[in-house]
Amino acid sequence: MRKYLDDICVTERPDTWNKDDKRQSRWKEERDIYGFDERETWALDYSFHLWLYERLKRFVDVCCVDLDYHKFEYNGSEYTQRQLIDMMIERLEFSFNPEYNDFDEAQYNYVSEIEKIWAVVLPAMWW
C-alpha cells in the first residue's frame, strides 16, 4: 500500500519490480536492516521522485503552518511555499505519466525543475 502513489495509479516502482526474483529473501532482509532494499538504488532519480511525491503530499495533508507565509524567489518570480510545493507535485505527476518522454527537451526541462525548486524551498520544509 502506497496511498499517494496508488491514488494516481503509479504501480511501476521499486517495491513492485522483480516480484518473482529468487533474491526476494535477500531484499526482505535488506528492508529489515535498512528500511529499503537495493532495488531503490537501481533508478535513484526515479526512486527519489517517488519518495518526494509521497512526502510532499503527506506534508500538505498534515502541515500545521501557513504555507502562504514564506516567499521565495525562483526564476525571477516570487512564490509562496505552497505554490512551489504545488509546482513540484505537478511536475512529479507529469514525470510519472506514461506519456512523459525524457528525450523531449521541453518535457525533460520541465521535469528537471523539480530538484531546483526543491533546493529553493527545502530550508522551509518543517512544521
# chains A, B, ... in the order shown; residues from 1 in each chain; ligands from 1
$ residues_around --residues "A:Arg55" --least-positions-apart "2" --cutoff "12 Å" --atoms "only C-alpha atoms" --output "PyMOL selection string"
chain A and resi 2-5+48-53+57-63+85+88-89+92+125-126
$ residues_around --residues "stretch 11-24 of chain A" --least-positions-apart "6" --cutoff "10 Å" --atoms "only C-alpha atoms" --output "short mmCIF file (atom, residue, chain, number, x, y, z; two decimals) with C-alpha atoms, in the first residue's frame"
data_model
loop_
_atom_site.label_atom_id
_atom_site.label_comp_id
_atom_site.auth_asym_id
_atom_site.auth_seq_id
_atom_site.Cartn_x
_atom_site.Cartn_y
_atom_site.Cartn_z
CA ARG A 2 1.45 3.33 -1.10
CA LEU A 5 1.10 6.64 -5.49
CA GLU A 30 17.74 -5.59 3.41
CA PHE A 36 14.51 -0.33 1.92
CA ASP A 37 16.17 -2.76 -0.45
CA GLU A 38 18.69 -2.36 -3.24
CA ARG A 39 16.02 -2.03 -5.93
CA GLU A 40 15.53 1.57 -4.79
CA THR A 41 19.10 2.29 -5.93
CA TRP A 42 18.62 0.89 -9.43
CA ALA A 43 16.99 4.10 -10.64
CA LEU A 44 17.77 6.52 -7.87
CA TYR A 46 13.03 7.77 -10.14
CA SER A 47 13.10 6.45 -6.57
CA LEU A 50 8.56 8.65 -5.79
CA PHE A 96 5.03 9.50 -13.70
#
$ residues_around --residues "A:Asn75" --least-positions-apart "6" --cutoff "12 Å" --atoms "only C-alpha atoms" --output "list in words"
Leu84, Glu113, Lys116, Ile117 and Val120 of chain A
$ write_last_selection --atoms "C-alpha atoms" --output "compact mmCIF listing (two decimals), in the first residue's frame"
# COMPACT_ATOMS: atom_id res chain seq x y z
CA LEU A 84 6.44 25.81 -5.01
CA GLU A 113 12.94 21.76 -12.40
CA LYS A 116 15.83 23.08 -8.50
CA ILE A 117 12.55 24.02 -6.83
CA VAL A 120 14.89 26.61 -3.02
$ select_by_dssp --residues "chain A" --states "helix (DSSP H, G or I)" --output "ChimeraX atom specification"
/A:3-7,14-16,24-34,38-41,44-62,81-96,105-124
$ closest_residue --among "A:Met87, A:Asn97, A:Ile8, A:Phe103" --to "A:Leu56" --atoms "only C-alpha atoms"
A:Met87
$ atom_distance --atom1 "atom CA of A:Arg91" --atom2 "atom CA of A:Val111"
5.4 Å
$ atom_distance --atom1 "atom CA of A:Ser112" --atom2 "atom CA of A:Arg82"
19.1 Å
$ decode --residues "stretch 7-44 of chain A" --atoms "C-alpha atoms" --output "PDB file, in the first residue's frame"
ATOM      1  CA  ASP A   7      -4.194   7.324  -5.821  1.00  0.00           C
ATOM      2  CA  ILE A   8      -2.560   8.351  -9.115  1.00  0.00           C
ATOM      3  CA  CYS A   9      -2.150   4.734 -10.336  1.00  0.00           C
ATOM      4  CA  VAL A  10       1.648   4.612 -10.122  1.00  0.00           C
ATOM      5  CA  THR A  11       2.337   0.899  -9.832  1.00  0.00           C
ATOM      6  CA  GLU A  12       5.756   0.920 -11.523  1.00  0.00           C
ATOM      7  CA  ARG A  13       8.061   1.337  -8.543  1.00  0.00           C
ATOM      8  CA  PRO A  14      10.970  -0.468  -6.900  1.00  0.00           C
ATOM      9  CA  ASP A  15       8.810  -2.445  -4.461  1.00  0.00           C
ATOM     10  CA  THR A  16       6.921  -3.952  -7.431  1.00  0.00           C
ATOM     11  CA  TRP A  17       9.967  -4.781  -9.564  1.00  0.00           C
ATOM     12  CA  ASN A  18      11.088  -8.390  -9.982  1.00  0.00           C
ATOM     13  CA  LYS A  19       8.345  -9.897  -7.805  1.00  0.00           C
ATOM     14  CA  ASP A  20       9.255 -13.462  -8.809  1.00  0.00           C
ATOM     15  CA  ASP A  21      13.001 -12.989  -8.393  1.00  0.00           C
ATOM     16  CA  LYS A  22      14.969 -15.505  -6.336  1.00  0.00           C
ATOM     17  CA  ARG A  23      16.520 -12.556  -4.441  1.00  0.00           C
ATOM     18  CA  GLN A  24      13.256 -11.817  -2.599  1.00  0.00           C
ATOM     19  CA  SER A  25      14.559 -13.182   0.722  1.00  0.00           C
ATOM     20  CA  ARG A  26      17.710 -11.078   0.455  1.00  0.00           C
ATOM     21  CA  TRP A  27      15.648  -7.993  -0.330  1.00  0.00           C
ATOM     22  CA  LYS A  28      13.390  -8.698   2.642  1.00  0.00           C
ATOM     23  CA  GLU A  29      16.468  -8.888   4.853  1.00  0.00           C
ATOM     24  CA  GLU A  30      17.738  -5.590   3.413  1.00  0.00           C
ATOM     25  CA  ARG A  31      14.354  -3.962   4.154  1.00  0.00           C
ATOM     26  CA  ASP A  32      14.519  -5.289   7.724  1.00  0.00           C
ATOM     27  CA  ILE A  33      18.016  -3.842   8.190  1.00  0.00           C
ATOM     28  CA  TYR A  34      17.889  -0.612   6.154  1.00  0.00           C
ATOM     29  CA  GLY A  35      14.180   0.099   5.705  1.00  0.00           C
ATOM     30  CA  PHE A  36      14.506  -0.329   1.919  1.00  0.00           C
ATOM     31  CA  ASP A  37      16.171  -2.756  -0.454  1.00  0.00           C
ATOM     32  CA  GLU A  38      18.694  -2.365  -3.244  1.00  0.00           C
ATOM     33  CA  ARG A  39      16.019  -2.030  -5.933  1.00  0.00           C
ATOM     34  CA  GLU A  40      15.531   1.565  -4.792  1.00  0.00           C
ATOM     35  CA  THR A  41      19.098   2.290  -5.929  1.00  0.00           C
ATOM     36  CA  TRP A  42      18.616   0.893  -9.431  1.00  0.00           C
ATOM     37  CA  ALA A  43      16.988   4.096 -10.645  1.00  0.00           C
ATOM     38  CA  LEU A  44      17.774   6.516  -7.870  1.00  0.00           C
TER      39      LEU A  44
END
